[in-house]
$ cat entry-v8.pdb   # PDB, C-alpha atoms
ATOM      1  CA  MET H   7    -132.330 162.103 -26.109
ATOM      2  CA  LYS H   8    -131.579 165.138 -23.981
ATOM      3  CA  ALA H   9    -129.501 167.979 -25.381
ATOM      4  CA  PRO H  10    -126.024 168.134 -23.826
ATOM      5  CA  ILE H  11    -125.427 170.651 -21.075
ATOM      6  CA  ILE H  12    -123.100 173.313 -22.448
ATOM      7  CA  VAL H  13    -121.585 175.867 -20.100
ATOM      8  CA  VAL H  14    -120.595 179.243 -21.546
ATOM      9  CA  GLN H  15    -117.399 180.700 -20.110
ATOM     10  CA  LEU H  16    -116.757 184.433 -20.434
ATOM     11  CA  VAL H  17    -113.213 185.494 -19.574
ATOM     12  CA  HIS H  18    -112.972 189.236 -18.912
ATOM     13  CA  ILE H  19    -109.702 190.442 -20.447
ATOM     14  CA  TYR H  20    -110.349 194.206 -20.386
ATOM     15  CA  GLY H  21    -112.730 196.484 -18.488
ATOM     16  CA  PRO H  22    -114.119 196.810 -14.954
ATOM     17  CA  LEU H  23    -114.444 193.018 -14.536
ATOM     18  CA  LYS H  24    -110.933 192.254 -15.861
ATOM     19  CA  GLY H  25    -109.599 188.969 -14.506
ATOM     20  CA  GLU H  26    -113.011 187.487 -13.700
ATOM     21  CA  ILE H  27    -114.270 184.276 -15.279
ATOM     22  CA  GLN H  28    -118.049 183.843 -15.433
ATOM     23  CA  GLU H  29    -119.861 180.606 -16.279
ATOM     24  CA  PHE H  30    -123.482 180.282 -17.423
ATOM     25  CA  SER H  31    -125.729 177.363 -18.335
ATOM     26  CA  GLU H  32    -128.789 179.509 -19.181
ATOM     27  CA  SER H  33    -130.237 179.395 -22.698
ATOM     28  CA  THR H  34    -130.106 183.215 -22.861
ATOM     29  CA  ILE H  35    -127.349 185.359 -21.327
ATOM     30  CA  LEU H  36    -128.137 189.060 -20.992
ATOM     31  CA  ILE H  37    -125.275 191.590 -21.051
ATOM     32  CA  GLY H  38    -125.416 195.234 -20.022
ATOM     33  CA  ARG H  39    -125.883 197.677 -17.121
ATOM     34  CA  HIS H  40    -129.484 196.784 -16.253
ATOM     35  CA  PRO H  41    -129.832 194.937 -12.903
ATOM     36  CA  SER H  42    -131.536 192.019 -14.683
ATOM     37  CA  CYS H  43    -128.430 191.271 -16.783
ATOM     38  CA  HIS H  44    -126.381 188.145 -16.146
ATOM     39  CA  VAL H  45    -123.185 189.963 -17.127
ATOM     40  CA  LEU H  46    -123.686 193.166 -15.176
ATOM     41  CA  PHE H  47    -121.349 196.088 -15.814
ATOM     42  CA  PRO H  48    -121.179 199.063 -13.397
ATOM     43  CA  LYS H  49    -123.551 201.963 -13.978
ATOM     44  CA  ASP H  50    -120.700 204.379 -14.620
ATOM     45  CA  VAL H  51    -119.549 202.428 -17.708
ATOM     46  CA  ALA H  52    -121.857 204.599 -19.830
ATOM     47  CA  ILE H  53    -120.411 203.347 -23.112
ATOM     48  CA  VAL H  54    -122.229 200.046 -22.453
ATOM     49  CA  SER H  55    -126.001 200.157 -22.974
ATOM     50  CA  ARG H  56    -128.383 199.096 -20.212
ATOM     51  CA  ARG H  57    -129.359 196.115 -22.370
ATOM     52  CA  HIS H  58    -126.347 195.911 -24.626
ATOM     53  CA  ALA H  59    -126.409 192.374 -26.071
ATOM     54  CA  GLN H  60    -127.491 188.824 -25.480
ATOM     55  CA  ILE H  61    -126.086 185.378 -26.201
ATOM     56  CA  VAL H  62    -128.803 182.900 -27.188
ATOM     57  CA  ARG H  63    -128.389 179.147 -27.452
ATOM     58  CA  GLU H  64    -129.724 177.561 -30.645
ATOM     59  CA  GLY H  65    -129.251 173.798 -30.523
ATOM     60  CA  ASN H  66    -125.567 173.312 -29.808
ATOM     61  CA  CYS H  67    -124.657 176.756 -31.176
ATOM     62  CA  PHE H  68    -124.656 180.187 -29.578
ATOM     63  CA  LYS H  69    -125.723 183.384 -31.321
ATOM     64  CA  LEU H  70    -124.685 186.878 -30.236
ATOM     65  CA  ILE H  71    -127.383 189.526 -30.805
ATOM     66  CA  ASP H  72    -126.435 193.199 -30.502
ATOM     67  CA  GLN H  73    -129.064 195.484 -28.946
ATOM     68  CA  SER H  74    -126.914 198.527 -28.235
ATOM     69  CA  ALA H  75    -126.416 202.078 -29.416
ATOM     70  CA  ASN H  76    -122.611 201.897 -29.497
ATOM     71  CA  GLY H  77    -122.291 198.503 -31.132
ATOM     72  CA  THR H  78    -120.800 195.105 -30.347
ATOM     73  CA  PHE H  79    -117.637 193.799 -32.006
ATOM     74  CA  VAL H  80    -116.498 190.204 -32.569
ATOM     75  CA  ASN H  81    -112.822 189.771 -33.407
ATOM     76  CA  GLY H  82    -112.660 193.471 -34.295
ATOM     77  CA  LYS H  83    -115.690 193.500 -36.631
ATOM     78  CA  ARG H  84    -118.951 195.214 -35.707
ATOM     79  CA  VAL H  85    -121.897 192.802 -35.853
ATOM     80  CA  LYS H  86    -125.656 192.725 -35.321
ATOM     81  CA  GLU H  87    -126.064 188.945 -35.168
ATOM     82  CA  VAL H  88    -123.384 186.288 -35.423
ATOM     83  CA  TYR H  89    -122.782 182.690 -34.335
ATOM     84  CA  LEU H  90    -119.916 182.440 -31.872
ATOM     85  CA  LYS H  91    -117.085 179.944 -31.749
ATOM     86  CA  ASP H  92    -114.602 179.148 -28.976
ATOM     87  CA  GLY H  93    -111.888 181.776 -28.699
ATOM     88  CA  ASP H  94    -113.906 184.641 -30.195
ATOM     89  CA  VAL H  95    -113.149 188.015 -28.591
ATOM     90  CA  LEU H  96    -116.209 190.190 -27.880
ATOM     91  CA  ILE H  97    -115.992 193.954 -27.309
ATOM     92  CA  PHE H  98    -119.034 195.800 -25.994
ATOM     93  CA  ALA H  99    -118.773 199.243 -27.678
ATOM     94  CA  GLU H 100    -115.584 200.551 -29.257
ATOM     95  CA  GLY H 101    -112.965 200.796 -26.511
ATOM     96  CA  GLY H 102    -115.356 199.111 -24.070
ATOM     97  CA  PRO H 103    -115.157 195.907 -21.987
ATOM     98  CA  LYS H 104    -113.614 192.916 -23.752
ATOM     99  CA  VAL H 105    -114.282 189.227 -23.087
ATOM    100  CA  SER H 106    -113.218 185.918 -24.565
ATOM    101  CA  PHE H 107    -115.991 183.413 -25.393
ATOM    102  CA  LEU H 108    -115.484 179.733 -24.575
ATOM    103  CA  THR H 109    -117.738 176.716 -23.970
ATOM    104  CA  ARG H 110    -117.442 173.374 -22.247
ATOM    105  CA  THR H 111    -119.787 170.391 -22.190
ATOM    106  CA  VAL H 112    -120.730 168.710 -18.904
ATOM    107  CA  GLU H 113    -122.325 165.305 -18.497
ATOM    108  CA  ARG H 114    -124.680 165.891 -15.552
ATOM    109  CA  GLN H 115    -126.678 168.829 -14.275
ATOM    110  CA  ASP H 116    -125.189 168.470 -10.794
ATOM    111  CA  GLU H 117    -121.773 169.379 -12.225
ATOM    112  CA  ILE H 118    -122.934 172.985 -12.657
ATOM    113  CA  LYS H 119    -125.363 173.424  -9.771
ATOM    114  CA  ASP H 120    -122.809 174.983  -7.476
ATOM    115  CA  ILE H 121    -120.747 176.950  -9.978
ATOM    116  CA  PRO H 122    -120.027 180.297  -8.302
ATOM    117  CA  LEU H 123    -119.970 183.538 -10.278
ATOM    118  CA  PRO H 124    -117.434 184.522 -11.326
ATOM    119  CA  GLY H 125    -116.619 180.894 -12.142
ATOM    120  CA  LEU H 126    -113.991 179.924  -9.655
ATOM    121  CA  PRO H 127    -113.677 176.148  -9.282
ATOM    122  CA  GLN H 128    -114.681 174.724  -5.947
ATOM    123  CA  GLU H 129    -112.010 173.967  -3.389
ATOM    124  CA  PRO H 130    -111.327 170.230  -3.102
ATOM    125  CA  GLU H 131    -112.680 168.661   0.071
ATOM    126  CA  ILE H 132    -109.665 168.720   2.351
ATOM    127  CA  ALA H 133    -109.014 169.029   6.048
ATOM    128  CA  GLU H 134    -108.429 172.535   7.394
ATOM    129  CA  VAL H 135    -104.718 173.228   7.623
ATOM    130  CA  ALA H 136    -102.675 176.269   8.536
ATOM    131  CA  LYS H 137    -101.427 178.149   5.503
ATOM    132  CA  PRO H 138     -97.637 178.403   5.397
ATOM    133  CA  SER H 139     -95.801 181.641   4.912
ATOM    134  CA  ILE H 140     -93.706 182.296   1.823
ATOM    135  CA  ALA H 141     -90.580 181.587   3.901
ATOM    136  CA  GLN H 142     -91.995 178.217   4.959
ATOM    137  CA  ALA H 143     -93.008 177.546   1.376
ATOM    138  CA  GLN H 144     -89.517 178.211   0.119
ATOM    139  CA  SER H 145     -88.011 175.982   2.802
ATOM    140  CA  GLU H 146     -89.982 173.083   1.335
ATOM    141  CA  SER H 147     -88.247 173.578  -2.006
ATOM    142  CA  ASP H 148     -85.146 171.773  -0.747
ATOM    143  CA  PRO H 149     -84.521 168.953  -3.245
ATOM    144  CA  ALA H 150     -83.912 166.604  -0.341
ATOM    145  CA  LYS H 151     -87.486 167.218   0.791
ATOM    146  CA  GLU H 152     -89.133 166.882  -2.629
ATOM    147  CA  ILE H 153     -92.707 165.649  -2.544
ATOM    148  CA  SER H 154     -93.741 162.891  -4.909
ATOM    149  CA  MET H 155     -96.315 163.750  -7.571
ATOM    150  CA  GLN H 156     -99.338 161.510  -7.966
ATOM    151  CA  GLU H 157    -102.337 161.879 -10.258
ATOM    152  CA  VAL H 158    -105.262 163.343  -8.299
ATOM    153  CA  GLN H 159    -108.739 164.570  -9.226
ATOM    154  CA  VAL H 160    -108.635 168.284  -8.336
ATOM    155  CA  PRO H 161    -109.560 171.286 -10.536
ATOM    156  CA  LEU H 162    -107.142 173.779 -12.036
ATOM    157  CA  VAL H 163    -108.150 176.755 -14.201
ATOM    158  CA  ILE H 164    -105.515 178.781 -16.062
ATOM    159  CA  GLN H 165    -106.412 182.049 -17.769
ATOM    160  CA  PHE H 166    -103.693 183.093 -20.225
ATOM    161  CA  GLY H 167    -104.415 186.014 -22.554
ATOM    162  CA  PRO H 168    -107.898 185.667 -24.072
ATOM    163  CA  THR H 169    -108.092 181.919 -23.441
ATOM    164  CA  ILE H 170    -108.910 179.737 -20.465
ATOM    165  CA  ARG H 171    -107.998 176.108 -19.894
ATOM    166  CA  SER H 172    -109.773 173.937 -17.334
ATOM    167  CA  PHE H 173    -108.170 170.779 -15.973
ATOM    168  CA  LYS H 174    -109.921 168.202 -13.810
ATOM    169  CA  LYS H 175    -106.835 166.349 -12.642
ATOM    170  CA  LEU H 176    -103.225 167.107 -11.767
ATOM    171  CA  PRO H 177    -100.304 167.186 -12.375
ATOM    172  CA  VAL H 178    -100.335 169.593 -15.330
ATOM    173  CA  THR H 179     -97.143 170.279 -17.279
ATOM    174  CA  ILE H 180     -96.452 173.731 -18.773
ATOM    175  CA  GLY H 181     -93.999 174.516 -21.561
ATOM    176  CA  LYS H 182     -93.431 174.908 -25.302
ATOM    177  CA  ASN H 183     -93.231 171.192 -26.036
ATOM    178  CA  PRO H 184     -96.293 169.917 -27.958
ATOM    179  CA  ASP H 185     -96.639 167.126 -25.386
ATOM    180  CA  CYS H 186     -97.232 169.624 -22.548
ATOM    181  CA  ASP H 187    -100.736 169.887 -21.080
ATOM    182  CA  LEU H 188    -100.581 173.690 -21.416
ATOM    183  CA  ILE H 189     -98.490 175.018 -24.294
ATOM    184  CA  ILE H 190     -97.278 178.602 -23.822
ATOM    185  CA  ASN H 191     -95.522 180.189 -26.782
ATOM    186  CA  HIS H 192     -93.428 182.822 -25.063
ATOM    187  CA  PRO H 193     -89.768 183.537 -25.927
ATOM    188  CA  ALA H 194     -88.609 182.936 -22.334
ATOM    189  CA  ILE H 195     -90.553 179.678 -21.772
ATOM    190  CA  LEU H 196     -88.602 176.414 -22.166
ATOM    191  CA  ASP H 197     -89.854 173.162 -23.703
ATOM    192  CA  LEU H 198     -90.500 171.655 -20.257
ATOM    193  CA  HIS H 199     -90.883 174.615 -17.932
ATOM    194  CA  ALA H 200     -93.105 173.903 -14.931
ATOM    195  CA  ARG H 201     -95.402 171.308 -13.429
ATOM    196  CA  ILE H 202     -98.345 172.083 -11.141
ATOM    197  CA  PHE H 203     -99.451 169.259  -8.857
ATOM    198  CA  PHE H 204    -101.469 168.693  -5.683
ATOM    199  CA  SER H 205    -100.062 167.046  -2.570
ATOM    200  CA  LYS H 206    -100.452 167.335   1.217
ATOM    201  CA  ASP H 207    -103.660 169.375   0.816
ATOM    202  CA  GLN H 208    -101.983 172.058  -1.289
ATOM    203  CA  TYR H 209    -101.414 173.096  -4.867
ATOM    204  CA  ARG H 210     -97.702 173.106  -5.642
ATOM    205  CA  ILE H 211     -95.376 174.082  -8.482
ATOM    206  CA  LYS H 212     -92.171 172.398  -9.599
ATOM    207  CA  ASP H 213     -89.476 174.217 -11.604
ATOM    208  CA  LEU H 214     -88.445 171.963 -14.501
ATOM    209  CA  THR H 215     -85.970 174.438 -16.002
ATOM    210  CA  GLY H 216     -83.042 173.659 -13.708
ATOM    211  CA  GLN H 217     -82.220 177.385 -13.859
ATOM    212  CA  MET H 218     -84.423 178.701 -11.020
ATOM    213  CA  LEU H 219     -86.388 180.819 -13.505
ATOM    214  CA  ILE H 220     -89.717 180.571 -11.673
ATOM    215  CA  LEU H 221     -90.388 183.274  -9.069
ATOM    216  CA  LEU H 222     -92.953 183.363  -6.259
ATOM    217  CA  ASN H 223     -93.438 186.888  -4.941
ATOM    218  CA  GLY H 224     -90.049 187.722  -6.445
ATOM    219  CA  GLN H 225     -88.230 184.791  -4.813
ATOM    220  CA  PRO H 226     -86.850 181.966  -7.012
ATOM    221  CA  VAL H 227     -88.234 178.452  -6.598
ATOM    222  CA  ASN H 228     -85.230 176.205  -5.985
ATOM    223  CA  SER H 229     -87.095 173.071  -7.056
ATOM    224  CA  GLN H 230     -90.716 172.987  -5.869
ATOM    225  CA  SER H 231     -92.910 175.064  -3.617
ATOM    226  CA  PRO H 232     -96.538 175.340  -2.393
ATOM    227  CA  LEU H 233     -98.801 177.863  -4.110
ATOM    228  CA  ILE H 234    -100.500 180.134  -1.577
ATOM    229  CA  PRO H 235    -103.585 182.194  -2.551
ATOM    230  CA  GLU H 236    -102.694 185.721  -3.735
ATOM    231  CA  THR H 237     -99.131 184.643  -4.547
ATOM    232  CA  LEU H 238     -97.584 186.379  -7.562
ATOM    233  CA  LEU H 239     -96.166 183.710  -9.888
ATOM    234  CA  GLU H 240     -93.665 184.653 -12.600
ATOM    235  CA  LEU H 241     -92.778 181.764 -14.888
ATOM    236  CA  THR H 242     -89.662 183.755 -15.838
ATOM    237  CA  PRO H 243     -88.383 187.221 -14.862
ATOM    238  CA  GLN H 244     -89.555 188.313 -18.346
ATOM    239  CA  GLY H 245     -93.041 186.842 -17.831
ATOM    240  CA  PRO H 246     -95.687 185.671 -18.231
ATOM    241  CA  THR H 247     -96.937 186.618 -14.761
ATOM    242  CA  PHE H 248     -99.930 185.120 -12.948
ATOM    243  CA  ARG H 249    -101.737 185.544  -9.649
ATOM    244  CA  PHE H 250    -102.656 182.313  -7.902
ATOM    245  CA  LEU H 251    -106.188 182.537  -6.494
ATOM    246  CA  LYS H 252    -108.170 180.427  -4.065
ATOM    247  CA  GLY H 253    -109.749 177.372  -5.606
ATOM    248  CA  GLY H 254    -106.926 176.446  -7.955
ATOM    249  CA  ARG H 255    -107.001 179.305 -10.428
ATOM    250  CA  LEU H 256    -104.117 181.057 -12.174
ATOM    251  CA  ALA H 257    -105.058 184.411 -13.719
ATOM    252  CA  GLU H 258    -102.570 186.216 -15.933
ATOM    253  CA  ILE H 259    -101.841 189.821 -15.000
ATOM    254  CA  GLU H 260     -99.866 192.581 -16.605
ATOM    255  CA  LYS H 261     -96.502 192.767 -14.889
ATOM    256  CA  SER H 262     -96.904 196.539 -14.534
ATOM    257  CA  ASP H 263     -99.981 195.848 -12.340
ATOM    258  CA  SER H 264     -97.703 194.371  -9.687
ATOM    259  CA  GLU H 265     -95.156 197.188  -9.709
ATOM    260  CA  GLU H 266     -95.272 200.160  -7.376
ATOM    261  CA  PRO H 267     -96.752 203.244  -9.062
ATOM    262  CA  VAL H 268     -94.428 206.187  -9.625
ATOM    263  CA  MET H 269     -95.561 209.214  -7.633
ATOM    264  CA  PRO H 270     -95.993 212.537  -9.465
ATOM    265  CA  HIS H 271     -93.079 214.185  -7.618
ATOM    266  CA  GLU H 272     -90.862 211.185  -8.442
ATOM    267  CA  LYS H 273     -91.757 211.509 -12.111
ATOM    268  CA  GLU H 274     -90.631 215.129 -11.928
ATOM    269  CA  LYS H 275     -87.238 214.031 -10.607
ATOM    270  CA  ILE H 276     -86.590 211.600 -13.437
ATOM    271  CA  ARG H 277     -88.126 213.651 -16.237
ATOM    272  CA  PRO H 278     -85.685 213.763 -19.183
ATOM    273  CA  ILE H 279     -84.257 217.112 -20.208
ATOM    274  CA  ASP H 280     -86.104 218.727 -23.083
ATOM    275  CA  LYS H 281     -83.539 219.267 -25.877
ATOM    276  CA  HIS H 282     -85.321 222.410 -27.092
ATOM    277  CA  GLN H 283     -85.338 223.918 -23.603
ATOM    278  CA  GLU H 284     -81.650 223.026 -23.163
ATOM    279  CA  HIS H 285     -80.757 224.752 -26.457
ATOM    280  CA  GLN H 286     -82.863 227.793 -25.540
ATOM    281  CA  GLY H 287     -81.123 228.100 -22.171
ATOM    282  CA  GLY H 288     -77.688 228.002 -23.827
ATOM    283  CA  CYS H 289     -78.642 230.757 -26.268
ATOM    284  CA  ILE H 290     -79.900 233.008 -23.454
ATOM    285  CA  LYS H 291     -76.673 232.505 -21.460
ATOM    286  CA  ARG H 292     -74.515 233.434 -24.472
ATOM    287  CA  ALA H 293     -76.616 236.534 -25.194
ATOM    288  CA  MET H 294     -76.361 237.705 -21.564
ATOM    289  CA  SER H 295     -72.590 237.213 -21.676
ATOM    290  CA  ILE H 296     -72.262 239.401 -24.817
ATOM    291  CA  ILE H 297     -74.443 242.149 -23.269
ATOM    292  CA  ASN H 298     -72.387 242.154 -20.053
ATOM    293  CA  LYS H 299     -69.123 242.454 -22.009
ATOM    294  CA  PHE H 300     -70.577 245.359 -24.055
ATOM    295  CA  LEU H 301     -71.636 247.191 -20.885
ATOM    296  CA  GLU H 302     -68.201 246.671 -19.338
ATOM    297  CA  THR H 303     -66.483 248.311 -22.340
ATOM    298  CA  ARG H 304     -68.874 251.322 -22.254
ATOM    299  CA  THR H 305     -68.169 252.041 -18.594
ATOM    300  CA  LYS H 306     -64.366 251.979 -18.961
TER
END
$ encode --input "entry-v8.pdb" --output "structure tokens"
Amino acid sequence: MKAPIIVVQLVHIYGPLKGEIQEFSESTILIGRHPSCHVLFPKDVAIVSRRHAQIVREGNCFKLIDQSANGTFVNGKRVKEVYLKDGDVLIFAEGGPKVSFLTRTVERQDEIKDIPLPGLPQEPEIAEVAKPSIAQAQSESDPAKEISMQEVQVPLVIQFGPTIRSFKKLPVTIGKNPDCDLIINHPAILDLHARIFFSKDQYRIKDLTGQMLILLNGQPVNSQSPLIPETLLELTPQGPTFRFLKGGRLAEIEKSDSEEPVMPHEKEKIRPIDKHQEHQGGCIKRAMSIINKFLETRTK
């Protein structure tokens, strides 16, 4: 009996590869800055060793072996060798790149032959169509023009925090309710919040809140709308926030990443008044006033 094919998924949650999802079916995964490494960090990330660590498959288990000078941490604890489990967070050197470790089992070798790195799911085989603008997308959200949702076999990958969920068919329901396909425990998320489905050759999202809480590029979704690659998706104005990427992938981002940076001269304009400086200035003004009055009396 052949051993099952287990694919290792590494979700980069901090560091130069943040936001990428890499998938490997090799029995040994090398990590570091050396060109031969499977997980290759840039040369300028000097905190990571050239051959920093490796993940080795043993049966149906995976062992992390540290080979570095600055150490490898699993769930905050420095280790030399440890067996990994789904959801473990790996940090390569203190303050260095951070990834989440996950696995999935596939039935046939041909399911992983064409996995691109980083592991974006393949686009479903569809006819080439013109991509609508955001304005066109929003026009389709008219309830009178709602598109029916049918179960279809297309991939969807959602990276939320240190975890990643892969779905092989849509629709997928998001919310706090235990019956949801993806449960998100966030104070602003409702029990039944959103549903992602595939219709007319496009991924689409439906707002289940009835309150127009879901935003696409800052514009509320009236009912449902197509998801266009590189669209910024906010499930509520308070978050969480995702970027929709080609191939049916939602990657969580920090909301501050999408905001315009404040320029240095603008920071100067809004800099709060230093209380000590304000007090000092008042003292100097009072002293100058007393001196001036004294000089006036001497000259009379």
$ residues_around --input "entry-v8.pdb" --residues "Asn81 of chain H" --least-positions-apart "2" --cutoff "8 Å" --atoms "only C-alpha atoms" --output "JSON, numbers by chain"
{"H": [79, 83, 94, 95, 96]}
$ resolve_selection --input "entry-v8.pdb" --expression "the PyMOL selection byres ((chain H and resi 216-229) around 6)" --output "compact mmCIF listing (two decimals) with C-alpha atoms, keeping the file's coordinate frame"
# COMPACT_ATOMS: atom_id res chain seq x y z
CA SER H 147 -88.25 173.58 -2.01
CA LYS H 212 -92.17 172.40 -9.60
CA ASP H 213 -89.48 174.22 -11.60
CA LEU H 214 -88.44 171.96 -14.50
CA THR H 215 -85.97 174.44 -16.00
CA GLN H 230 -90.72 172.99 -5.87
CA LEU H 238 -97.58 186.38 -7.56
CA LEU H 239 -96.17 183.71 -9.89
CA GLU H 240 -93.66 184.65 -12.60
CA LEU H 241 -92.78 181.76 -14.89
CA THR H 242 -89.66 183.76 -15.84
$ residues_around --input "entry-v8.pdb" --residues "segment 42-53 of chain H" --least-positions-apart "5" --cutoff "7 Å" --atoms "all atoms listed in the file" --output "mmCIF file with C-alpha atoms, in the frame of the given file"
data_model
loop_
_atom_site.group_PDB
_atom_site.id
_atom_site.type_symbol
_atom_site.label_atom_id
_atom_site.label_comp_id
_atom_site.auth_asym_id
_atom_site.auth_seq_id
_atom_site.Cartn_x
_atom_site.Cartn_y
_atom_site.Cartn_z
ATOM 1 C CA ILE H 35 -127.349 185.359 -21.327
ATOM 2 C CA LEU H 36 -128.137 189.060 -20.992
ATOM 3 C CA ILE H 37 -125.275 191.590 -21.051
ATOM 4 C CA ASN H 76 -122.611 201.897 -29.497
ATOM 5 C CA ALA H 99 -118.773 199.243 -27.678
ATOM 6 C CA GLY H 102 -115.356 199.111 -24.070
#
$ resolve_selection --input "entry-v8.pdb" --expression "the PyMOL selection byres ((chain H and resi 56-70) around 8)" --output "list in words"
Ala9, Pro10, Ile12, Ser33, Thr34, Ile35, Leu36, Ile37, Gly38, Arg39, His40, Cys43, Val54, Ser55, Ile71, Asp72, Gln73, Ser74, Ala75, Thr78, Lys86, Glu87, Val88, Tyr89, Leu90, Lys91 and Phe98 of chain H
$ resolve_selection --input "entry-v8.pdb" --expression "the PyMOL selection byres ((chain H and resi 196) around 9)" --output "JSON, numbers by chain"
{"H": [180, 181, 182, 183, 192, 193, 194, 195, 197, 198, 199, 200, 214, 215]}
$ closest_residue --input "entry-v8.pdb" --among "H:Glu32, H:Glu26, H:Glu260, H:Asp92" --to "Phe248 of chain H" --atoms "all atoms listed in the file"
H:Glu260
$ residues_around --input "entry-v8.pdb" --residues "segment 173-178 of chain H" --least-positions-apart "2" --cutoff "8 Å" --atoms "only C-alpha atoms" --output "VMD selection string"
chain H and resid 155 to 163 171 180 186 to 188 201 to 204
$ residues_near_point --input "entry-v8.pdb" --point "(-104.4, 180.3, -18.1)" --cutoff "12 Å" --atoms "only C-alpha atoms" --output "ChimeraX atom specification"
/H:17,19,25,27,162-173,178,180,187-190,246-251,254-259
$ atom_distance --input "entry-v8.pdb" --atom1 "atom CA of Pro232 of chain H" --atom2 "atom CA of Thr179 of chain H"
15.7 Å
$ atom_distance --input "entry-v8.pdb" --atom1 "atom CA of Val80 of chain H" --atom2 "atom CA of Thr111 of chain H"
22.6 Å
$ atom_distance --input "entry-v8.pdb" --atom1 "atom CA of Thr237 of chain H" --atom2 "atom CA of Val13 of chain H"
28.7 Å
$ axis_aligned_box --input "entry-v8.pdb" --around "segment 66-84 of chain H" --padding-each-side "5 Å" --output "lines of an AutoDock Vina configuration file"
center_x = -120.9
center_y = 187.7
center_z = -32.4
size_x = 26.4
size_y = 38.8
size_z = 18.4
$ closest_residue --input "entry-v8.pdb" --among "H:Ser31, H:Gln244, H:Gln15, H:Gln208" --to "Leu108 of chain H" --atoms "all atoms listed in the file"
H:Gln15
$ residues_around --input "entry-v8.pdb" --residues "Gly21 of chain H" --least-positions-apart "4" --cutoff "9 Å" --atoms "all atoms listed in the file" --output "PDB file with C-alpha atoms, in the frame of the given file"
ATOM      1  CA  GLY H 102    -115.356 199.111 -24.070  1.00  0.00           C
ATOM      2  CA  PRO H 103    -115.157 195.907 -21.987  1.00  0.00           C
ATOM      3  CA  LYS H 104    -113.614 192.916 -23.752  1.00  0.00           C
ATOM      4  CA  VAL H 105    -114.282 189.227 -23.087  1.00  0.00           C
TER       5      VAL H 105
END
$ decode --input "entry-v8.pdb" --residues "segment 206-221 of chain H" --atoms "N, CA and C atoms" --output "compact mmCIF listing (two decimals), in the first residue's frame"
# COMPACT_ATOMS: atom_id res chain seq x y z
N LYS H 206 -21.29 32.72 -13.87
CA LYS H 206 -20.98 33.52 -15.06
C LYS H 206 -19.47 33.78 -15.18
N ASP H 207 -18.68 32.73 -14.94
CA ASP H 207 -17.23 32.78 -15.11
C ASP H 207 -16.52 33.71 -14.12
N GLN H 208 -17.15 34.00 -13.00
CA GLN H 208 -16.52 34.90 -12.03
C GLN H 208 -16.81 34.47 -10.61
N TYR H 209 -15.82 34.76 -9.74
CA TYR H 209 -16.07 34.65 -8.30
C TYR H 209 -16.92 35.85 -7.89
N ARG H 210 -17.84 35.63 -6.96
CA ARG H 210 -18.73 36.68 -6.53
C ARG H 210 -18.94 36.59 -5.02
N ILE H 211 -19.35 37.73 -4.43
CA ILE H 211 -19.63 37.75 -3.00
C ILE H 211 -21.03 38.31 -2.77
N LYS H 212 -21.73 37.72 -1.82
CA LYS H 212 -23.07 38.17 -1.46
C LYS H 212 -23.05 38.63 0.00
N ASP H 213 -23.60 39.81 0.25
CA ASP H 213 -23.71 40.36 1.61
C ASP H 213 -24.95 39.77 2.26
N LEU H 214 -24.74 39.00 3.34
CA LEU H 214 -25.86 38.38 4.05
C LEU H 214 -26.31 39.19 5.26
N THR H 215 -25.64 40.31 5.52
CA THR H 215 -25.91 41.07 6.74
C THR H 215 -27.19 41.90 6.64
N GLY H 216 -27.55 42.30 5.41
CA GLY H 216 -28.69 43.20 5.25
C GLY H 216 -28.39 44.62 5.70
N GLN H 217 -27.12 44.91 6.03
CA GLN H 217 -26.74 46.23 6.52
C GLN H 217 -25.69 46.91 5.65
N MET H 218 -25.38 46.28 4.50
CA MET H 218 -24.37 46.82 3.58
C MET H 218 -23.04 47.04 4.31
N LEU H 219 -22.63 46.04 5.08
CA LEU H 219 -21.37 46.14 5.84
C LEU H 219 -20.15 45.81 5.00
N ILE H 220 -20.33 45.04 3.93
CA ILE H 220 -19.20 44.58 3.13
C ILE H 220 -18.80 45.66 2.13
N LEU H 221 -17.50 45.95 2.07
CA LEU H 221 -16.98 46.99 1.18
C LEU H 221 -16.01 46.39 0.16
